[in-house]
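S.K.: Compact mmCIF, C-alpha atoms, saved as input_39.txt, coming up:
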# COMPACT_ATOMS: atom_id res chain seq x y z
CA MET G 1 -15.59 -9.77 59.58
CA ARG G 2 -11.97 -8.79 59.08
CA SER G 3 -11.18 -9.44 62.74
CA LEU G 4 -12.98 -12.79 62.58
CA LEU G 5 -11.00 -13.91 59.55
CA SER G 6 -7.82 -12.73 61.23
CA HIS G 7 -8.63 -14.70 64.37
CA LEU G 8 -9.46 -17.85 62.41
CA GLY G 9 -6.24 -17.49 60.46
CA LYS G 10 -4.11 -17.22 63.59
CA CYS G 11 -5.69 -19.98 65.66
CA ASN G 12 -4.19 -23.44 65.53
CA CYS G 13 -7.44 -25.26 64.80
CA ARG G 14 -7.81 -27.05 61.48
CA LEU G 15 -10.61 -25.28 59.60
CA VAL G 16 -12.27 -27.74 57.21
CA SER G 17 -15.62 -26.02 56.64
CA LEU G 18 -16.48 -22.37 55.98
CA SER G 19 -19.89 -20.89 55.20
CA ILE G 20 -20.43 -17.16 54.59
CA LYS G 21 -23.82 -16.77 52.96
CA HIS G 22 -25.79 -13.87 51.48
CA LEU G 23 -23.07 -11.24 51.52
CA GLU G 24 -24.82 -9.48 48.61
CA LEU G 25 -21.73 -7.51 47.75
CA ASP G 26 -23.50 -5.87 44.81
CA ARG G 27 -25.71 -3.81 47.13
CA LEU G 28 -25.06 -0.09 47.51
CA VAL G 29 -24.74 -0.47 51.28
CA TRP G 30 -21.24 -1.80 50.57
CA LYS G 31 -18.98 1.20 50.02
CA ASN G 32 -16.42 0.59 47.28
CA ILE G 33 -13.39 0.84 49.55
CA VAL G 34 -14.88 -1.41 52.23
CA ARG G 35 -16.06 -3.90 49.63
CA ALA G 36 -12.69 -4.10 47.89
CA GLN G 37 -10.85 -4.52 51.18
CA PHE G 38 -13.21 -7.25 52.35
CA ILE G 39 -12.79 -9.24 49.13
CA LYS G 40 -9.02 -8.87 49.43
CA ASN G 41 -9.07 -10.07 53.05
CA LEU G 42 -11.32 -12.99 52.20
CA GLY G 43 -9.05 -14.00 49.32
CA THR G 44 -6.01 -13.88 51.58
CA PHE G 45 -7.80 -16.00 54.16
CA LEU G 46 -8.86 -18.59 51.59
CA LYS G 47 -5.27 -18.85 50.36
CA ARG G 48 -4.12 -19.54 53.90
CA MET G 49 -6.81 -22.16 54.49
CA SER G 50 -6.83 -23.70 51.01
CA LYS G 51 -4.93 -26.87 51.88
CA GLN G 52 -7.31 -27.92 54.64
CA LEU G 53 -10.74 -26.67 53.55
CA ASN G 54 -13.12 -29.43 52.46
CA TYR G 55 -16.30 -27.35 52.27
CA LEU G 56 -16.88 -23.76 51.17
CA ASN G 57 -20.24 -22.02 50.91
CA LEU G 58 -20.30 -18.52 49.43
CA LYS G 59 -23.94 -18.60 48.37
CA GLY G 60 -25.34 -15.17 47.61
CA ALA G 61 -22.02 -13.32 47.51
CA ARG G 62 -23.02 -11.49 44.30
CA VAL G 63 -19.55 -10.54 43.09
CA THR G 64 -18.34 -9.59 39.63
CA LEU G 65 -16.91 -12.23 37.33
CA GLU G 66 -13.33 -11.09 37.93
CA GLU G 67 -13.77 -10.88 41.71
CA GLY G 68 -15.45 -14.26 41.87
CA CYS G 69 -12.75 -16.00 39.87
CA GLU G 70 -10.08 -14.33 41.98
CA LEU G 71 -11.69 -15.66 45.16
CA LEU G 72 -12.04 -19.16 43.73
CA ASN G 73 -8.46 -19.08 42.47
CA SER G 74 -7.39 -18.40 46.05
CA LEU G 75 -8.26 -22.02 46.79
CA SER G 76 -5.66 -23.29 44.34
CA CYS G 77 -2.93 -20.66 44.44
CA LEU G 78 -0.48 -22.70 46.53
CA THR G 79 -0.47 -25.86 44.41
CA ASN G 80 -2.35 -24.73 41.27
CA LYS G 81 -4.96 -27.32 42.21
CA SER G 82 -7.82 -27.35 44.69
CA PHE G 83 -8.96 -30.53 46.41
CA ILE G 84 -12.01 -29.05 48.09
CA SER G 85 -14.84 -31.58 48.00
CA GLU G 86 -17.98 -29.45 48.35
CA LEU G 87 -18.45 -26.00 46.86
CA ASN G 88 -21.59 -23.86 46.93
CA ILE G 89 -21.47 -20.88 44.56
CA GLU G 90 -25.21 -20.47 44.05
CA ASP G 91 -25.91 -16.78 43.37
CA PHE G 92 -22.18 -16.22 43.81
CA PHE G 93 -21.95 -13.99 40.75
CA SER G 94 -23.99 -10.85 40.15
CA LEU G 95 -27.28 -11.12 38.27
CA HIS G 96 -27.42 -11.12 34.47
CA LEU G 97 -23.84 -12.34 33.96
CA PRO G 98 -23.29 -14.90 31.14
CA VAL G 99 -20.63 -16.72 33.14
CA TYR G 100 -20.82 -19.69 30.76
CA SER G 101 -18.98 -17.73 28.05
CA SER G 102 -16.06 -16.66 30.25
CA THR G 103 -12.69 -18.27 29.54
CA LEU G 104 -11.54 -16.90 32.90
CA PHE G 105 -14.23 -18.93 34.66
CA HIS G 106 -13.42 -22.05 32.64
CA HIS G 107 -9.75 -21.74 33.60
CA THR G 108 -10.69 -21.25 37.26
CA VAL G 109 -12.94 -24.32 37.34
CA SER G 110 -10.24 -26.45 35.72
CA LYS G 111 -8.22 -26.20 38.94
CA PHE G 112 -10.78 -28.12 41.02
CA HIS G 113 -9.80 -31.79 41.07
CA SER G 114 -11.87 -33.55 43.73
CA LEU G 115 -15.34 -32.06 43.73
CA VAL G 116 -18.03 -34.28 45.21
CA ILE G 117 -20.90 -31.79 45.44
CA LEU G 118 -21.13 -28.62 43.37
CA THR G 119 -23.99 -26.14 43.78
CA PHE G 120 -24.18 -23.31 41.27
CA ASN G 121 -26.34 -21.44 38.74
CA TYR G 122 -27.25 -22.50 35.25
CA ASN G 123 -25.68 -19.36 33.81
CA CYS G 124 -22.35 -21.06 34.59
CA VAL G 125 -23.13 -24.22 32.60
CA SER G 126 -21.29 -24.76 29.33
CA ASP G 127 -19.64 -27.55 27.37
CA GLU G 128 -16.30 -26.31 28.71
CA LEU G 129 -17.48 -26.54 32.32
CA LEU G 130 -18.78 -30.08 31.83
CA ASP G 131 -15.56 -31.09 30.08
CA ASN G 132 -13.50 -29.74 32.98
CA LEU G 133 -15.62 -31.64 35.49
CA CYS G 134 -15.26 -34.75 33.35
CA LYS G 135 -11.47 -34.47 33.20
CA ASN G 136 -10.76 -33.46 36.78
CA SER G 137 -13.58 -34.54 39.10
CA ALA G 138 -15.36 -37.45 37.44
CA HIS G 139 -13.78 -39.91 39.88
CA SER G 140 -15.34 -38.11 42.86
CA LEU G 141 -18.37 -36.20 41.56
CA ARG G 142 -21.71 -37.28 43.02
CA THR G 143 -24.08 -34.30 42.96
CA LEU G 144 -24.69 -31.19 40.89
CA ASN G 145 -27.30 -28.79 42.27
CA ILE G 146 -28.21 -26.30 39.56
CA LYS G 147 -30.40 -23.23 40.04
CA CYS G 148 -31.90 -21.53 37.00
CA HIS G 149 -33.47 -18.12 37.59
CA ILE G 150 -35.54 -16.23 35.04
CA HIS G 151 -33.25 -13.18 35.31
CA ASP G 152 -30.04 -15.12 34.79
CA PRO G 153 -28.96 -15.90 31.21
CA HIS G 154 -30.07 -19.44 30.42
CA GLY G 155 -30.36 -19.56 26.64
CA GLN G 156 -26.90 -20.97 25.95
CA VAL G 157 -26.50 -24.11 23.86
CA VAL G 158 -25.09 -27.06 25.79
CA TRP G 159 -24.57 -30.24 23.82
CA GLY G 160 -26.10 -33.46 25.06
CA MET G 161 -22.82 -35.21 24.29
CA SER G 162 -21.07 -33.14 26.96
CA TRP G 163 -23.61 -34.30 29.54
CA ALA G 164 -23.39 -37.87 28.25
CA ASN G 165 -19.60 -37.91 28.59
CA LEU G 166 -19.80 -36.60 32.15
CA ALA G 167 -22.50 -39.10 33.10
CA LYS G 168 -20.42 -41.93 31.65
CA ARG G 169 -17.25 -40.89 33.47
CA ALA G 170 -19.12 -40.14 36.72
CA PRO G 171 -21.62 -43.04 36.93
CA LYS G 172 -22.84 -42.11 40.43
CA LEU G 173 -23.70 -38.54 39.43
CA ASN G 174 -27.13 -37.12 40.27
CA VAL G 175 -28.26 -33.73 38.98
CA ASN G 176 -30.90 -31.67 40.79
CA PHE G 177 -32.52 -28.71 39.04
CA TYR G 178 -34.20 -25.78 40.78
CA PHE G 179 -36.09 -23.51 38.41
CA GLU G 180 -37.14 -20.06 39.64
CA ARG G 181 -39.91 -18.62 37.44
CA VAL G 182 -38.68 -20.64 34.46
CA MET G 183 -41.88 -22.48 33.64
CA LYS G 184 -42.35 -22.54 29.89
CA HIS G 185 -41.82 -25.82 28.16
CA ASP G 186 -39.55 -24.51 25.39
CA HIS G 187 -37.13 -23.07 27.97
CA LEU G 188 -37.18 -26.22 30.09
CA ALA G 189 -36.79 -28.56 27.12
CA ARG G 190 -33.65 -26.74 26.00
CA ILE G 191 -32.11 -27.28 29.45
CA LEU G 192 -33.44 -30.69 30.48
CA LEU G 193 -31.62 -32.82 27.94
CA VAL G 194 -32.21 -36.56 27.98
CA GLU G 195 -28.50 -37.22 28.53
CA ILE G 196 -28.56 -35.58 31.98
CA PRO G 197 -28.81 -37.97 34.96
CA VAL G 198 -31.63 -35.94 36.53
CA ARG G 199 -32.61 -36.90 40.05
CA SER G 200 -35.07 -34.13 40.92
CA ILE G 201 -36.70 -31.07 39.40
CA SER G 202 -38.24 -28.19 41.31
CA LEU G 203 -40.44 -25.69 39.48
CA ARG G 204 -41.09 -22.66 41.65
CA SER G 205 -43.18 -19.93 40.09
CA CYS G 206 -42.83 -17.37 42.89
CA TYR G 207 -45.61 -14.96 41.94
CA PHE G 208 -45.23 -15.87 38.29
CA ARG G 209 -47.88 -13.90 36.41
CA ASP G 210 -47.21 -14.66 32.75
CA PRO G 211 -50.66 -15.25 31.24
CA ASP G 212 -49.07 -17.20 28.38
CA TRP G 213 -47.93 -20.02 30.63
CA MET G 214 -50.10 -23.11 30.59
CA MET G 215 -49.64 -26.38 32.43
CA ARG G 216 -49.77 -28.10 29.08
CA PRO G 217 -47.22 -29.04 27.73
CA THR G 218 -44.88 -28.31 30.66
CA LEU G 219 -46.32 -31.05 32.86
CA THR G 220 -47.60 -33.43 30.22
CA ASN G 221 -44.23 -33.60 28.46
CA ILE G 222 -41.80 -33.36 31.37
CA LEU G 223 -43.42 -35.95 33.63
CA PRO G 224 -43.51 -38.76 31.06
CA ALA G 225 -39.94 -38.01 29.96
CA TYR G 226 -38.54 -38.31 33.48
CA TRP G 227 -40.93 -40.68 35.22
CA HIS G 228 -38.20 -43.34 35.57
CA VAL G 229 -35.93 -41.09 37.65
CA LEU G 230 -38.22 -38.55 39.27
CA GLN G 231 -40.36 -38.75 42.36
CA VAL G 232 -43.45 -36.61 42.26
CA ARG G 233 -45.56 -34.20 44.25
CA ILE G 234 -47.90 -31.63 42.71
CA TYR G 235 -49.38 -28.61 44.49
CA THR G 236 -51.65 -25.98 43.03
CA SER G 237 -53.37 -23.04 44.67
CA ARG G 238 -54.41 -21.29 41.49
CA ARG G 239 -58.03 -21.20 40.40
CA GLU G 240 -57.92 -23.79 37.65
CA THR G 241 -60.15 -23.85 34.64
CA SER G 242 -62.15 -27.01 34.04
CA GLU G 243 -59.56 -28.05 31.45
CA GLU G 244 -56.73 -27.62 33.98
CA GLU G 245 -58.68 -29.55 36.60
CA GLN G 246 -59.11 -32.40 34.16
CA LEU G 247 -55.41 -32.27 33.29
CA LEU G 248 -54.42 -32.52 36.96
CA ARG G 249 -56.78 -35.45 37.45
CA THR G 250 -55.29 -37.20 34.43
CA ILE G 251 -51.74 -36.60 35.66
CA TYR G 252 -52.63 -37.84 39.12
CA LYS G 253 -54.19 -41.05 37.80
CA LYS G 254 -51.23 -41.77 35.54
CA PHE G 255 -48.55 -41.03 38.15
CA LYS G 256 -50.49 -41.90 41.30
CA ASN G 257 -47.78 -44.12 42.78
CA LEU G 258 -45.13 -41.44 42.38
CA ILE G 259 -47.31 -38.63 43.68
CA ASP G 260 -48.42 -40.60 46.73
CA SER G 261 -44.80 -41.32 47.65
CA GLU G 262 -44.47 -37.60 48.49
CA LEU G 263 -40.91 -37.10 47.46
CA ASN G 264 -38.86 -34.88 45.22
CA TYR G 265 -40.79 -33.36 42.31
CA PHE G 266 -42.54 -30.05 42.98
CA VAL G 267 -44.85 -28.09 40.71
CA ILE G 268 -46.19 -24.99 42.44
CA THR G 269 -48.53 -22.46 40.85
CA TYR G 270 -49.76 -19.35 42.61
CA PRO G 271 -53.06 -17.53 42.15
CA LEU G 272 -53.17 -14.68 39.70
CA VAL G 273 -53.99 -11.40 41.41
Once you've parsed the file, please lay out its structure as structure tokens.
M.R.:
Amino acid sequence: MRSLLSHLGKCNCRLVSLSIKHLELDRLVWKNIVRAQFIKNLGTFLKRMSKQLNYLNLKGARVTLEEGCELLNSLSCLTNKSFISELNIEDFFSLHLPVYSSTLFHHTVSKFHSLVILTFNYNCVSDELLDNLCKNSAHSLRTLNIKCHIHDPHGQVVWGMSWANLAKRAPKLNVNFYFERVMKHDHLARILLVEIPVRSISLRSCYFRDPDWMMRPTLTNILPAYWHVLQVRIYTSRRETSEEEQLLRTIYKKFKNLIDSELNYFVITYPLV
């Protein structure tokens, strides 16, 4: 990888897009010395390419908060601003990190001034993040793709006013949510505020075995609340009780037009073993 970055840095071609996915730098297979040197080399390369990069995908890097912010700061070190248009930092930070409370992360994000598409995790979302996007990227921002995993912190309080301000300043903004094993209504309701310009929601249970989870009120409350913006498909492979079968029939009848359109809303439940 070092030789590749060195070659790309020396060639005369204009590099506008870079994708290095699933590095998983938190795994033990990465020796500390090798890991530290790689991050240093990558940061140096990003500094060199920062003026011309339009797209950067570091999905699955799994770095510490300090390392991640250092890498992202590499994109703005020459001018103290980054004009990259698309950034994917989904699973960029290590698991269990409450990135939303980090002033270092807030300061790092404030340097991005022309984001069009941002893909990241919900444990990064805060009022400060939304305010920074509102101030610096509202003129360009079109899409936020937000993943929320059960093992990432997602209990932070985010005010609806922060979302409302961003939606007002960025009128073409669409927000897509991808929930991994976050199925309970109280968790979803705290995240899916009415002020968010939601375009799609994906609920993926992924071997979710919590016996306390019931389709009601997750489906019965979420679908009516977002019927005007969501497009719907429902799949189930679990052995439903008669009550659940009746609930699915009721949902299908009420939202038949949306479900038949076969578009963007997924509810997937897996059989209990």
S.K.: Have a look at CA of Gly68 (chain G) and CA of Val99 (chain G) and let me know their distance in Å, one decimal.
M.R.: 10.4 Å
S.K.: Could you pull the residues within 8 Å of Leu78 (chain G), counting only C-alpha atoms, minus those fewer than 3 positions along the same chain, as a PDB file with C-alpha atoms, in the coordinates of the input?
M.R.:
ATOM      1  CA  LYS G  47      -5.270 -18.850  50.360  1.00  0.00           C
ATOM      2  CA  SER G  50      -6.830 -23.700  51.010  1.00  0.00           C
ATOM      3  CA  LEU G  75      -8.260 -22.020  46.790  1.00  0.00           C
ATOM      4  CA  LYS G  81      -4.960 -27.320  42.210  1.00  0.00           C
TER       5      LYS G  81
END
S.K.: For CA of Phe177 (chain G) and CA of His106 (chain G), determine how far apart the two atoms are, in Å to one decimal place.
M.R.: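 Spanning CA of Phe177 (chain G) to CA of His106 (chain G) is a straight-line distance of 21.2 Å.
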S.K.: Can you measure CA of Lys184 (chain G) to CA of Leu95 (chain G) for me? One decimal in Å is fine.
M.R.: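 About the pair CA of Lys184 (chain G) and CA of Leu95 (chain G): they are 20.7 Å apart.
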S.K.: Ranking G:Ser102, G:Asn73, G:Thr119, G:Ser162 by minimum distance to Asn57 (chain G) and counting only C-alpha atoms, which one comes first?
M.R.: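 Checking each candidate against Asn57 (chain G), we get G:Thr119 as the closest.
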S.K.: So, with all atoms listed in the file as the atoms that count, which of G:Lys31, G:Arg190, G:His154, G:Arg14 lies closest to Leu53 (chain G)?
M.R.: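 That would be G:Arg14, the residue with the smallest distance to Leu53 (chain G).
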S.K.: Taking into account all atoms listed in the file, which residue in the set G:His96, G:Arg199, G:His107, G:Lys135 is nearest to Cys148 (chain G)?
M.R.: G:His96
S.K.: Which residue is closest to Thr103 (chain G)? Choose from G:Lys172, G:Glu128, G:Ser76, G:Lys59 and count only C-alpha atoms.
M.R.: G:Glu128
S.K.: Considering all atoms listed in the file, can you say which of G:Cys69, G:Leu46, G:Leu203, G:Leu129 comes closest to Leu104 (chain G)?
M.R.: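 Among the listed residues, the smallest separation from Leu104 (chain G) belongs to G:Cys69.
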S.K.: Taking 3 positions as the minimum chain separation for residues in the same chain, which residues sit within 7 Å of Leu166 (chain G) when counting only C-alpha atoms? Answer as number ranges by chain.
M.R.: G: 130, 134, 138, 162-163, 169-170
S.K.: Which residue gives the smallest distance to Leu42 (chain G) among G:Ser74, G:Thr79, G:Ser126, G:Ser17, with only C-alpha atoms counted?
M.R.: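 Using only C-alpha atoms, Leu42 (chain G) sits closest to G:Ser74.
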S.K.: What lies within 9 Å of Val175 (chain G) using all atoms listed in the file, ignoring chain neighbours under 2 positions off, as a list in words?
M.R.: Arg142, Thr143, Leu144, Asn145, Ile146, Leu173, Phe177, Ile196, Pro197, Val198, Arg199, Ser200 and Ile201 of chain G
S.K.: As a ChimeraX atom specification, please: the residues near region 85-94 of chain G (cut-off 9 Å, all atoms listed in the file, same-chain neighbours under 6 positions excluded).
M.R.: /G:19,22,24-26,53-65,67-68,112-121,140-141,145-147
S.K.: Generate the output file for the selected residues, C-alpha atoms, as an mmCIF file, in the frame of the given file.
M.R.:
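And here's selection_29.cif as it stands now:
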data_model
loop_
_atom_site.group_PDB
_atom_site.id
_atom_site.type_symbol
_atom_site.label_atom_id
_atom_site.label_comp_id
_atom_site.auth_asym_id
_atom_site.auth_seq_id
_atom_site.Cartn_x
_atom_site.Cartn_y
_atom_site.Cartn_z
ATOM 1 C CA SER G 19 -19.890 -20.890 55.200
ATOM 2 C CA HIS G 22 -25.790 -13.870 51.480
ATOM 3 C CA GLU G 24 -24.820 -9.480 48.610
ATOM 4 C CA LEU G 25 -21.730 -7.510 47.750
ATOM 5 C CA ASP G 26 -23.500 -5.870 44.810
ATOM 6 C CA LEU G 53 -10.740 -26.670 53.550
ATOM 7 C CA ASN G 54 -13.120 -29.430 52.460
ATOM 8 C CA TYR G 55 -16.300 -27.350 52.270
ATOM 9 C CA LEU G 56 -16.880 -23.760 51.170
ATOM 10 C CA ASN G 57 -20.240 -22.020 50.910
ATOM 11 C CA LEU G 58 -20.300 -18.520 49.430
ATOM 12 C CA LYS G 59 -23.940 -18.600 48.370
ATOM 13 C CA GLY G 60 -25.340 -15.170 47.610
ATOM 14 C CA ALA G 61 -22.020 -13.320 47.510
ATOM 15 C CA ARG G 62 -23.020 -11.490 44.300
ATOM 16 C CA VAL G 63 -19.550 -10.540 43.090
ATOM 17 C CA THR G 64 -18.340 -9.590 39.630
ATOM 18 C CA LEU G 65 -16.910 -12.230 37.330
ATOM 19 C CA GLU G 67 -13.770 -10.880 41.710
ATOM 20 C CA GLY G 68 -15.450 -14.260 41.870
ATOM 21 C CA PHE G 112 -10.780 -28.120 41.020
ATOM 22 C CA HIS G 113 -9.800 -31.790 41.070
ATOM 23 C CA SER G 114 -11.870 -33.550 43.730
ATOM 24 C CA LEU G 115 -15.340 -32.060 43.730
ATOM 25 C CA VAL G 116 -18.030 -34.280 45.210
ATOM 26 C CA ILE G 117 -20.900 -31.790 45.440
ATOM 27 C CA LEU G 118 -21.130 -28.620 43.370
ATOM 28 C CA THR G 119 -23.990 -26.140 43.780
ATOM 29 C CA PHE G 120 -24.180 -23.310 41.270
ATOM 30 C CA ASN G 121 -26.340 -21.440 38.740
ATOM 31 C CA SER G 140 -15.340 -38.110 42.860
ATOM 32 C CA LEU G 141 -18.370 -36.200 41.560
ATOM 33 C CA ASN G 145 -27.300 -28.790 42.270
ATOM 34 C CA ILE G 146 -28.210 -26.300 39.560
ATOM 35 C CA LYS G 147 -30.400 -23.230 40.040
#
